[in-house]
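K.L.:
What follows is query21.csv; its format and atoms are CSV, C-alpha atoms and all ligand atoms.
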```csv
chain,number,residue,atom,x,y,z
Z,1,THR,CA,140.6,177.0,68.8
Z,2,SER,CA,141.7,174.5,71.5
Z,3,ALA,CA,138.9,175.9,73.7
Z,4,GLY,CA,136.5,174.8,71.0
Z,5,HIS,CA,138.1,171.4,70.9
Z,6,HIS,CA,137.7,171.3,74.7
Z,7,GLN,CA,134.0,171.8,74.6
Z,8,ARG,CA,133.4,169.3,71.8
Z,9,CYS,CA,135.5,166.6,73.3
Z,10,ASN,CA,134.1,167.0,76.8
Z,11,SER,CA,130.6,166.6,75.5
Z,12,LEU,CA,131.8,163.5,73.6
Z,13,PHE,CA,133.1,162.1,76.9
Z,14,ALA,CA,129.9,162.9,78.7
Z,15,ALA,CA,128.1,160.8,76.2
Z,16,LEU,CA,130.5,157.9,76.6
Z,17,ALA,CA,130.2,158.0,80.4
Z,18,VAL,CA,127.1,155.8,80.3
Z,19,LEU,CA,129.3,152.8,79.6
Z,20,PRO,CA,129.1,150.4,82.6
Z,21,PHE,CA,132.9,150.7,83.4
Z,22,CYS,CA,135.1,153.3,84.9
Z,23,LEU,CA,138.7,152.8,83.8
Z,24,GLY,CA,139.8,155.4,86.2
Z,25,CYS,CA,138.9,153.5,89.3
Z,26,ARG,CA,140.1,150.6,91.3
Z,27,GLY,CA,137.7,148.1,92.8
Z,28,SER,CA,134.6,146.6,91.3
Z,29,SER,CA,131.7,148.9,92.2
Z,30,ALA,CA,131.4,149.9,88.6
Z,31,VAL,CA,128.3,151.9,88.8
Z,32,PHE,CA,129.4,154.1,91.7
Z,33,SER,CA,132.9,154.5,90.2
Z,34,LEU,CA,131.4,155.6,87.0
Z,35,ILE,CA,129.9,158.6,88.6
Z,36,SER,CA,132.7,159.5,90.9
Z,37,CYS,CA,135.6,159.0,88.6
Z,38,ARG,CA,135.0,160.6,85.2
Z,39,ARG,CA,136.8,163.7,84.5
Z,40,THR,CA,134.8,166.5,83.0
Z,41,ASP,CA,137.3,169.3,83.7
Z,42,VAL,CA,139.9,168.3,81.0
Z,43,LEU,CA,140.1,167.3,77.4
Z,44,LEU,CA,140.3,163.5,77.3
Z,45,VAL,CA,140.5,162.7,73.6
Z,46,SER,CA,142.3,164.7,70.8
Z,47,PRO,CA,140.2,165.7,67.8
Z,48,TRP,CA,141.9,162.8,66.0
Z,49,LEU,CA,140.8,160.4,68.7
Z,50,ALA,CA,144.1,159.9,70.5
Z,51,PRO,CA,143.7,159.5,74.3
Z,52,ILE,CA,145.0,162.2,76.5
Z,53,VAL,CA,146.4,160.7,79.7
Z,54,TRP,CA,145.3,162.3,82.9
Z,55,GLU,CA,145.0,161.0,86.5
Z,56,GLY,CA,141.6,159.5,86.9
Z,57,THR,CA,141.2,158.2,83.3
Z,58,PHE,CA,142.8,154.8,83.5
Z,59,ASN,CA,143.2,151.8,85.7
Z,60,ARG,CA,146.9,150.9,86.1
Z,61,ASP,CA,146.1,147.3,87.3
Z,62,ILE,CA,144.3,146.5,84.0
Z,63,LEU,CA,147.0,148.2,81.9
Z,64,ASN,CA,149.8,146.3,83.8
Z,65,ALA,CA,148.1,143.0,83.3
Z,66,GLN,CA,147.8,143.5,79.6
Z,67,TYR,CA,151.3,144.9,79.2
Z,68,ARG,CA,153.0,142.0,81.2
Z,69,GLN,CA,151.8,139.5,78.6
Z,70,LYS,CA,153.9,141.2,76.0
Z,71,ASN,CA,157.3,141.2,77.8
Z,72,PHE,CA,158.3,144.5,76.1
Z,73,VAL,CA,161.6,146.3,76.9
Z,74,VAL,CA,161.5,150.1,77.0
Z,75,GLY,CA,164.5,152.3,76.4
Z,76,VAL,CA,165.0,155.8,77.9
Z,77,ALA,CA,167.5,158.1,76.2
Z,78,THR,CA,168.8,160.9,78.3
Z,79,PHE,CA,171.8,163.3,78.2
Z,80,ALA,CA,174.0,164.7,80.9
Z,81,VAL,CA,176.6,166.9,79.3
Z,82,LYS,CA,178.9,169.4,81.0
Z,83,LYS,CA,177.3,170.7,84.2
Z,84,TYR,CA,174.1,168.7,83.7
Z,85,VAL,CA,175.9,165.7,85.3
Z,86,ARG,CA,174.6,167.1,88.6
Z,87,PHE,CA,171.1,166.0,87.6
Z,88,ILE,CA,171.9,162.3,87.0
Z,89,GLU,CA,171.4,161.2,90.6
Z,90,GLY,CA,168.0,162.8,91.0
Z,91,PHE,CA,166.8,161.6,87.6
Z,92,LEU,CA,168.0,158.0,87.9
Z,93,GLY,CA,167.1,157.7,91.6
Z,94,SER,CA,163.5,158.8,91.0
Z,95,ALA,CA,163.1,157.0,87.7
Z,96,ASN,CA,164.3,153.7,89.3
Z,97,LYS,CA,161.4,154.1,91.7
Z,98,PHE,CA,158.6,155.6,89.6
Z,99,PHE,CA,159.3,154.9,85.9
Z,100,LEU,CA,157.6,151.8,84.6
Z,101,SER,CA,158.0,150.2,88.0
Z,102,GLY,CA,158.2,146.4,87.8
Z,103,HIS,CA,158.8,146.5,84.1
Z,104,ARG,CA,162.0,146.1,82.0
Z,105,VAL,CA,163.6,149.4,81.2
Z,106,ASN,CA,167.1,150.2,79.7
Z,107,PHE,CA,168.3,153.6,80.6
Z,108,TYR,CA,170.8,155.0,78.0
Z,109,LEU,CA,172.7,157.8,79.6
Z,110,PHE,CA,174.9,159.9,77.2
Z,111,THR,CA,177.5,161.9,79.0
Z,112,ASP,CA,180.9,163.5,78.4
Z,113,HIS,CA,181.8,162.6,82.0
Z,114,PRO,CA,181.3,158.9,82.5
Z,115,GLU,CA,183.5,158.9,85.5
Z,116,LYS,CA,181.1,161.3,87.3
Z,117,VAL,CA,178.1,159.0,87.0
Z,118,PRO,CA,177.1,158.1,90.6
Z,119,SER,CA,176.6,154.4,91.4
Z,120,ILE,CA,172.9,153.8,91.9
Z,121,ASN,CA,171.3,150.5,93.0
Z,122,LEU,CA,168.8,149.8,90.3
Z,123,ALA,CA,165.9,147.5,90.5
Z,124,PRO,CA,166.7,144.1,88.9
Z,125,GLU,CA,164.5,144.7,85.9
Z,126,LYS,CA,166.3,148.0,85.2
Z,127,ARG,CA,169.6,148.4,83.4
Z,128,LEU,CA,171.9,151.4,82.9
Z,129,PHE,CA,174.1,151.9,79.9
Z,130,ILE,CA,176.5,154.8,80.0
Z,131,ILE,CA,177.5,156.0,76.5
Z,132,PRO,CA,180.3,158.6,76.1
Z,133,VAL,CA,179.4,161.5,74.0
Z,134,GLN,CA,181.2,164.7,72.9
Z,135,ASN,CA,180.2,168.1,74.3
Z,136,TYR,CA,179.4,171.2,72.3
Z,137,SER,CA,180.3,174.7,73.3
Z,138,ARG,CA,176.7,176.0,72.7
Z,139,TRP,CA,174.0,174.4,74.9
Z,140,GLN,CA,171.6,174.7,72.0
Z,141,ASP,CA,173.8,172.3,70.0
Z,142,ILE,CA,173.8,169.8,72.9
Z,143,SER,CA,170.0,169.9,73.0
Z,144,MET,CA,169.5,169.8,69.2
Z,145,ASN,CA,172.1,167.1,68.5
Z,146,ARG,CA,170.2,164.7,70.7
Z,147,MET,CA,167.9,164.0,67.8
Z,148,ASP,CA,170.8,162.9,65.6
Z,149,ILE,CA,172.4,160.8,68.3
Z,150,ILE,CA,169.1,159.0,69.1
Z,151,SER,CA,168.4,158.4,65.4
Z,152,ASN,CA,171.9,156.9,64.9
Z,153,HIS,CA,171.7,154.7,68.0
Z,154,ILE,CA,168.3,153.4,67.0
Z,155,HIS,CA,169.7,152.4,63.7
Z,156,SER,CA,172.9,150.8,65.1
Z,157,HIS,CA,171.6,149.2,68.4
Z,158,TRP,CA,168.3,150.0,69.9
Z,159,ARG,CA,166.1,148.6,67.1
Z,160,TYR,CA,167.5,145.2,68.2
Z,161,GLU,CA,167.3,145.9,72.0
Z,162,VAL,CA,164.1,147.7,72.8
Z,163,ASP,CA,160.5,147.8,71.7
Z,164,TYR,CA,159.7,151.4,72.7
Z,165,LEU,CA,161.9,154.3,73.2
Z,166,TYR,CA,161.4,157.6,75.1
Z,167,SER,CA,163.6,160.6,75.2
Z,168,MET,CA,163.7,162.6,78.4
Z,169,ASP,CA,165.4,165.7,79.7
Z,170,ILE,CA,167.8,164.9,82.6
Z,171,ASP,CA,167.0,168.0,84.7
Z,172,VAL,CA,163.8,166.4,86.0
Z,173,GLN,CA,162.6,164.4,89.0
Z,174,MET,CA,159.7,161.9,89.2
Z,175,PHE,CA,157.4,162.1,92.2
Z,176,GLU,CA,154.6,159.6,91.2
Z,177,HIS,CA,154.3,156.5,89.0
Z,178,ILE,CA,154.7,156.9,85.3
Z,179,GLY,CA,153.5,153.5,84.1
Z,180,VAL,CA,152.5,151.7,81.0
Z,181,GLU,CA,149.8,154.3,80.3
Z,182,ILE,CA,152.5,156.1,78.4
Z,183,ILE,CA,153.1,153.3,76.0
Z,184,ASP,CA,151.9,153.8,72.4
Z,185,THR,CA,153.1,154.1,68.9
Z,186,LEU,CA,153.8,157.8,68.9
Z,187,VAL,CA,153.6,159.8,72.1
Z,188,GLY,CA,153.9,163.5,72.8
Z,189,THR,CA,153.6,165.4,76.1
Z,190,ILE,CA,151.5,168.6,76.1
Z,191,SER,CA,153.7,171.4,77.3
Z,192,SER,CA,152.8,172.7,80.8
Z,193,TRP,CA,153.3,176.3,79.4
Z,194,GLN,CA,150.9,175.9,76.5
Z,195,TYR,CA,148.0,173.7,77.4
Z,196,THR,CA,145.6,176.6,78.0
Z,197,LYS,CA,146.6,178.7,75.1
Z,198,PRO,CA,144.9,178.9,71.7
Z,199,ARG,CA,146.6,177.4,68.8
Z,200,ASP,CA,147.9,180.7,67.5
Z,201,SER,CA,150.1,180.9,70.6
Z,202,ASN,CA,153.6,182.3,69.8
Z,203,SER,CA,155.6,179.2,70.7
Z,204,TYR,CA,155.6,177.6,67.3
Z,205,GLU,CA,158.3,178.7,64.8
Z,206,ARG,CA,156.4,180.9,62.4
Z,207,HIS,CA,159.2,182.2,60.1
Z,208,PRO,CA,158.6,180.5,56.8
Z,209,GLU,CA,162.3,180.2,56.1
Z,210,SER,CA,162.8,177.6,58.9
Z,211,ARG,CA,162.1,173.9,58.2
Z,212,ALA,CA,160.3,174.0,61.6
Z,213,ALA,CA,157.8,176.6,60.4
Z,214,ILE,CA,154.1,176.1,61.0
Z,215,PRO,CA,151.9,178.6,59.1
Z,216,HIS,CA,149.8,181.0,61.1
Z,217,GLY,CA,146.4,179.5,61.9
Z,218,GLU,CA,147.8,176.0,61.9
Z,219,GLY,CA,148.8,173.9,64.9
Z,220,ASP,CA,146.9,172.0,67.6
Z,221,PHE,CA,148.8,171.1,70.8
Z,222,TYR,CA,152.2,172.5,71.7
Z,223,TYR,CA,154.5,169.6,72.8
Z,224,ALA,CA,157.5,169.6,75.1
Z,225,ALA,CA,160.7,168.2,73.8
Z,226,SER,CA,161.6,167.1,77.3
Z,227,PHE,CA,159.5,163.9,77.0
Z,228,TYR,CA,158.4,162.1,73.8
Z,229,GLY,CA,158.6,158.6,72.5
Z,230,GLY,CA,156.9,155.6,71.0
Z,231,SER,CA,157.7,152.5,69.1
Z,232,VAL,CA,161.4,152.3,68.2
Z,233,SER,CA,160.5,152.6,64.4
Z,234,GLU,CA,158.3,155.7,64.9
Z,235,VAL,CA,160.9,157.4,67.1
Z,236,TYR,CA,163.5,156.7,64.4
Z,237,LYS,CA,161.3,158.4,61.8
Z,238,LEU,CA,160.7,161.3,64.1
Z,239,THR,CA,164.3,161.9,65.2
Z,240,THR,CA,165.6,161.5,61.6
Z,241,ALA,CA,163.1,163.9,60.2
Z,242,CYS,CA,163.6,166.5,62.9
Z,243,PHE,CA,167.4,166.4,62.6
Z,244,LYS,CA,167.1,166.7,58.9
Z,245,GLY,CA,165.2,169.9,59.5
Z,246,VAL,CA,167.8,171.1,62.0
Z,247,THR,CA,170.6,170.4,59.5
Z,248,GLU,CA,168.8,172.2,56.6
Z,249,ASP,CA,168.2,175.2,58.8
Z,250,ARG,CA,171.8,175.3,59.9
Z,251,ALA,CA,172.9,175.2,56.2
Z,252,ASN,CA,170.7,178.3,55.7
Z,253,GLY,CA,172.0,180.0,58.8
Z,254,ILE,CA,168.8,179.6,60.7
Z,255,GLU,CA,168.0,178.3,64.2
Z,256,ALA,CA,164.4,177.6,65.0
Z,257,LYS,CA,162.9,179.5,67.9
Z,258,TRP,CA,162.8,176.6,70.4
Z,259,HIS,CA,165.6,174.6,68.7
Z,260,GLU,CA,164.7,170.9,68.3
Z,261,GLU,CA,161.4,171.5,70.2
Z,262,SER,CA,160.3,173.6,67.2
Z,263,HIS,CA,161.1,170.8,64.8
Z,264,LEU,CA,159.4,168.2,67.1
Z,265,ASN,CA,156.2,170.4,67.0
Z,266,LYS,CA,156.3,170.6,63.3
Z,267,TYR,CA,156.7,166.8,63.0
Z,268,LEU,CA,153.9,166.0,65.4
Z,269,LEU,CA,151.5,168.4,63.7
Z,270,TYR,CA,151.7,166.5,60.5
Z,271,HIS,CA,152.3,163.0,62.1
Z,272,LYS,CA,149.7,163.0,64.8
Z,273,PRO,CA,150.6,161.3,68.1
Z,274,THR,CA,148.6,158.2,68.8
Z,275,ARG,CA,148.6,159.1,72.5
Z,276,LEU,CA,149.2,162.4,74.3
Z,277,LEU,CA,150.4,162.8,77.9
Z,278,SER,CA,148.9,165.6,79.9
Z,279,PRO,CA,151.2,168.2,81.6
Z,280,GLU,CA,151.2,165.9,84.7
Z,281,TYR,CA,154.0,164.1,82.8
Z,282,TYR,CA,156.2,167.2,82.6
Z,283,TRP,CA,155.3,170.0,85.0
Z,284,ASP,CA,157.5,173.1,84.9
Z,285,GLU,CA,158.2,174.2,88.4
Z,286,GLU,CA,158.2,177.8,87.3
Z,287,LEU,CA,154.4,177.6,87.0
Z,288,ILE,CA,151.7,177.6,89.6
Z,289,ARG,CA,150.0,174.3,89.5
Z,290,PRO,CA,146.3,174.6,88.6
Z,291,ARG,CA,143.6,172.2,90.0
Z,292,ILE,CA,143.4,170.1,86.9
Z,293,ILE,CA,146.9,168.9,87.4
Z,294,ARG,CA,145.9,166.5,90.2
Z,295,VAL,CA,149.2,164.7,90.2
Z,296,LYS,CA,152.7,166.0,89.6
Z,297,ARG,CA,154.3,162.9,88.2
Z,298,LEU,CA,157.5,164.5,86.8
Z,299,SER,CA,158.7,168.0,87.1
Z,300,SER,CA,161.7,170.1,86.2
Z,301,VAL,CA,164.4,170.8,88.7
Z,302,ARG,CA,164.8,174.5,89.3
Z,303,LYS,CA,168.1,175.6,87.8
Z,304,ASP,CA,170.0,178.8,87.3
Z,305,LEU,CA,170.2,178.8,83.5
Z,306,GLN,CA,173.2,181.1,83.3
Z,307,GLU,CA,175.1,179.0,85.8
Z,308,VAL,CA,174.4,175.5,84.4
Z,309,ARG,CA,174.7,176.3,80.7
Z,310,PHE,CA,177.9,178.3,80.7
G,1,LIG,C1,163.5,173.2,76.6
G,1,LIG,C2,163.0,171.8,76.4
G,1,LIG,C3,164.2,170.9,76.0
G,1,LIG,C4,164.8,171.4,74.8
G,1,LIG,C5,165.3,172.9,75.0
G,1,LIG,C6,165.8,173.5,73.8
G,1,LIG,C7,161.0,171.4,77.7
G,1,LIG,C8,160.5,171.1,79.0
G,1,LIG,N1,162.4,171.3,77.6
G,1,LIG,O1,164.2,173.0,77.9
G,1,LIG,O2,163.7,169.6,75.8
G,1,LIG,O3,163.9,171.4,73.7
G,1,LIG,O4,164.2,173.7,75.5
G,1,LIG,O5,165.6,174.9,73.7
G,1,LIG,O6,160.3,171.7,76.8
G,1,LIG,N2,171.7,169.3,78.1
G,1,LIG,C9,172.9,168.9,78.7
G,1,LIG,N3,173.9,169.8,78.9
G,1,LIG,C10,173.7,171.2,78.6
G,1,LIG,C11,172.5,171.6,78.1
G,1,LIG,C12,171.5,170.6,77.8
G,1,LIG,O7,173.1,167.7,79.0
G,1,LIG,O8,174.7,171.9,78.9
G,1,LIG,C13,170.7,168.3,77.9
G,1,LIG,C14,170.0,167.8,79.1
G,1,LIG,O9,169.6,166.5,79.0
G,1,LIG,C15,168.8,168.7,79.2
G,1,LIG,C16,168.4,168.9,77.8
G,1,LIG,O10,169.6,168.9,77.0
G,1,LIG,O11,167.8,168.2,80.1
G,1,LIG,C17,167.6,170.1,77.4
G,1,LIG,O12,168.3,171.3,77.9
G,1,LIG,P1,167.6,172.2,79.0
G,1,LIG,O13,166.9,171.4,80.0
G,1,LIG,O14,168.6,173.2,79.4
G,1,LIG,O15,166.6,173.0,78.1
G,1,LIG,P2,165.3,173.8,78.6
G,1,LIG,O16,165.1,173.7,80.0
G,1,LIG,O17,165.3,175.2,78.0
```
Mind turning the file's structure into structure tokens?
Ligand code: UD2
P.N.:
Amino acid sequence: TSAGHHQRCNSLFAALAVLPFCLGCRGSSAVFSLISCRRTDVLLVSPWLAPIVWEGTFNRDILNAQYRQKNFVVGVATFAVKKYVRFIEGFLGSANKFFLSGHRVNFYLFTDHPEKVPSINLAPEKRLFIIPVQNYSRWQDISMNRMDIISNHIHSHWRYEVDYLYSMDIDVQMFEHIGVEIIDTLVGTISSWQYTKPRDSNSYERHPESRAAIPHGEGDFYYAASFYGGSVSEVYKLTTACFKGVTEDRANGIEAKWHEESHLNKYLLYHKPTRLLSPEYYWDEELIRPRIIRVKRLSSVRKDLQEVRF
């Protein structure tokens, strides 16, 4: 169970804590920092040794210095279709301030209402590309077709334009820095609804007829489709595979339980992320925030589902 993983990994971290550095602290008093900064309350490494990013586990100054040497460009794909255009300003305004601050970012905004995109003064290293997209009558299709659109754009443009690509929901706001600690080859965000539940939780698609099906007893983390990414080539493989699953399900008259999120979870179960973001990186405002979520970096904007979707 994930509780079992918790215990195993925390004791692993306790053993590593004798190293003479604390990556979670600023300043140079390494020995004191070591004691005050380690986190023993959360899982820090997945069972396949991918880091899980929590506040207090890294030093942003060190990461920034390393990252600057590479001169990477990061792309962010986000969709604002139909009534979701109302979320553009909050998303872009907060992302301009908090998302990879000081680093090069291209925001790719897909919308069926380009004329409604508010003008926002972006930082000089940030660029906004508005890409017209058709709408679909069903909100599930808007959300699921993102995978296809992202895969096609990687093939036609983004593989020449960006090094890393992240897909994000638009109905979110950022409140704290989301920095280069999110950069890795294949990155998933642990769902804020699921991080405490055992792996047999009922969010996975379990019906064997669906291409998103995960057999009972299998599964590790449950990932949110609102924020995932990685190198442009890995995100291409992910989105292409997930959309293939969506298409095959459609041909069989099936729609997975949580739409493209179900297909994402199937993919990430068998292609393990190289880095996991803790629920700090997508906190659902419907939930009461427990103590382990020390920082709410990004959270959903409360919305009346009936009103915005129909
Ligand atoms: C969950 C997932 C979401 C997606 C969805 C599918 C999380 C936190 N979010 O969110 O990623 O998997 O379930 O069931 O796990 N959109 C529009 N116009 C619409 C409808 C959707 O632009 O009319 C876009 C928009 O970018 C939005 C995204 O699709 O952020 C996902 O839709 P949602 O936020 O309504 O889905 P939600 O909250 O159920």
K.L.:
Output the neighbourhood of ligand LIG 1 (chain G) as number ranges by chain, that is, all protein and nucleic acid residues with some atom at most 7 Å from the ligand, counting only C-alpha atoms and all ligand atoms.
P.N.:
Z: 78-84, 139-140, 142-144, 169-171, 191, 224-226, 258-261, 282, 284, 308-309
K.L.:
Generate a file of the selected residues that holds C-alpha atoms, formatted as an mmCIF file, keeping the file's coordinate frame.
P.N.:
```
data_model
loop_
_atom_site.group_PDB
_atom_site.id
_atom_site.type_symbol
_atom_site.label_atom_id
_atom_site.label_comp_id
_atom_site.auth_asym_id
_atom_site.auth_seq_id
_atom_site.Cartn_x
_atom_site.Cartn_y
_atom_site.Cartn_z
ATOM 1 C CA THR Z 78 168.800 160.900 78.300
ATOM 2 C CA PHE Z 79 171.800 163.300 78.200
ATOM 3 C CA ALA Z 80 174.000 164.700 80.900
ATOM 4 C CA VAL Z 81 176.600 166.900 79.300
ATOM 5 C CA LYS Z 82 178.900 169.400 81.000
ATOM 6 C CA LYS Z 83 177.300 170.700 84.200
ATOM 7 C CA TYR Z 84 174.100 168.700 83.700
ATOM 8 C CA TRP Z 139 174.000 174.400 74.900
ATOM 9 C CA GLN Z 140 171.600 174.700 72.000
ATOM 10 C CA ILE Z 142 173.800 169.800 72.900
ATOM 11 C CA SER Z 143 170.000 169.900 73.000
ATOM 12 C CA MET Z 144 169.500 169.800 69.200
ATOM 13 C CA ASP Z 169 165.400 165.700 79.700
ATOM 14 C CA ILE Z 170 167.800 164.900 82.600
ATOM 15 C CA ASP Z 171 167.000 168.000 84.700
ATOM 16 C CA SER Z 191 153.700 171.400 77.300
ATOM 17 C CA ALA Z 224 157.500 169.600 75.100
ATOM 18 C CA ALA Z 225 160.700 168.200 73.800
ATOM 19 C CA SER Z 226 161.600 167.100 77.300
ATOM 20 C CA TRP Z 258 162.800 176.600 70.400
ATOM 21 C CA HIS Z 259 165.600 174.600 68.700
ATOM 22 C CA GLU Z 260 164.700 170.900 68.300
ATOM 23 C CA GLU Z 261 161.400 171.500 70.200
ATOM 24 C CA TYR Z 282 156.200 167.200 82.600
ATOM 25 C CA ASP Z 284 157.500 173.100 84.900
ATOM 26 C CA VAL Z 308 174.400 175.500 84.400
ATOM 27 C CA ARG Z 309 174.700 176.300 80.700
#
```
K.L.:
Z:Leu238, Z:Leu287, Z:Val105, Z:Leu43: which is nearest Gly188 of chain Z, counting all atoms listed in the file?
P.N.:
Z:Leu238
K.L.:
Pick the closest to Tyr223 of chain Z from Z:Gly56, Z:Pro290, Z:Pro273, Z:Pro118: which is it, counting all atoms listed in the file?
P.N.:
Z:Pro273
K.L.:
In Å, with one decimal, what is the gap from atom CA of His263 of chain Z to atom CA of Asn106 of chain Z?
P.N.:
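Value for the atom CA of His263 of chain Z-atom CA of Asn106 of chain Z distance: 26.1 Å.
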K.L.:
To one decimal place in Å, what is the distance between atom CA of Phe175 of chain Z and atom CA of Phe87 of chain Z?
P.N.:
15.0 Å
K.L.:
Leaving out Leu269 of chain Z and any residue of its chain fewer than 3 positions from it, which residues lie within 12 Å of it when counting all atoms listed in the file, given as a list in words?
P.N.:
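Returned residues: Trp48, Gly188, Arg199, Tyr204, Ala212, Ala213, Ile214, Pro215, Glu218, Gly219, Asp220, Phe221, Tyr222, Tyr223, Leu238, Ser262, His263, Leu264, Asn265, Lys266, Lys272, Pro273 and Thr274 of chain Z.
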K.L.:
To one decimal place, how far is atom CA of Glu181 of chain Z from atom CA of Lys237 of chain Z in Å?
P.N.:
22.2 Å
K.L.:
Could you check which of Z:Leu128, Z:Leu165, Z:Ala241, Z:Val42 is closest to Thr185 of chain Z, using all atoms listed in the file?
P.N.:
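Looking only at the distances to Thr185 of chain Z, the closest residue turns out to be Z:Leu165.
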K.L.:
Can you list, as a PDB file with C-alpha atoms, in the coordinates of the input, every protein, DNA or RNA residue that comes within 8 Å of Tyr236 of chain Z when you count all atoms listed in the file, leaving out same-chain residues fewer than 5 positions away?
P.N.:
```
ATOM      1  CA  ILE Z 150     169.100 159.000  69.100  1.00  0.00           C
ATOM      2  CA  SER Z 151     168.400 158.400  65.400  1.00  0.00           C
ATOM      3  CA  ILE Z 154     168.300 153.400  67.000  1.00  0.00           C
ATOM      4  CA  HIS Z 155     169.700 152.400  63.700  1.00  0.00           C
TER       5      HIS Z 155
END
```
K.L.:
Put a box with edges along x, y and z around all the listed atoms of segment 261-278 of chain Z, pad it by 3 Å on each side, then give me its centre and sizes in Å, one decimal, as lines of an AutoDock Vina configuration file.
P.N.:
```
center_x = 155.0
center_y = 165.9
center_z = 70.2
size_x = 18.8
size_y = 21.4
size_z = 25.4
```
K.L.:
Which of these residues is nearest to Asn64 of chain Z, using all atoms listed in the file: Z:Ala77, Z:Leu268, Z:Leu109, Z:Ile178?
P.N.:
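For Asn64 of chain Z, the nearest of the candidates is Z:Ile178.
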K.L.:
Can you list, as a short mmCIF file (atom, residue, chain, number, x, y, z; two decimals) with C-alpha atoms, in the frame of the given file, every protein, DNA or RNA residue that comes within 6 Å of segment 66-74 of chain Z when you count all atoms listed in the file, leaving out same-chain residues fewer than 3 positions away?
P.N.:
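What ended up in out_32.cif:
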```cif
data_model
loop_
_atom_site.label_atom_id
_atom_site.label_comp_id
_atom_site.auth_asym_id
_atom_site.auth_seq_id
_atom_site.Cartn_x
_atom_site.Cartn_y
_atom_site.Cartn_z
CA LEU Z 63 147.00 148.20 81.90
CA ARG Z 104 162.00 146.10 82.00
CA VAL Z 105 163.60 149.40 81.20
CA VAL Z 162 164.10 147.70 72.80
CA ASP Z 163 160.50 147.80 71.70
CA TYR Z 164 159.70 151.40 72.70
CA LEU Z 165 161.90 154.30 73.20
#
```
K.L.:
May I have the protein, DNA and RNA residues with any atom at most 9 Å from the point (167.7, 171.5, 63.7), counting only C-alpha atoms, written as an NGL selection string?
P.N.:
:Z and (141 or 144-145 or 147 or 211-212 or 242-250 or 254-256 or 259-260 or 262-263)
K.L.:
With all atoms listed in the file as the basis for distance, which of Z:Val232, Z:Val187, Z:Val53, Z:Val172 is at the shortest distance from Ser299 of chain Z?
P.N.:
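Under the stated criterion, the closest residue is Z:Val172.
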K.L.:
Between Z:Thr240, Z:Ser203, Z:Gln173, Z:Ser137, single out the one closest to Ile149 of chain Z, counting only C-alpha atoms.
P.N.:
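For Ile149 of chain Z, the nearest of the candidates is Z:Thr240.
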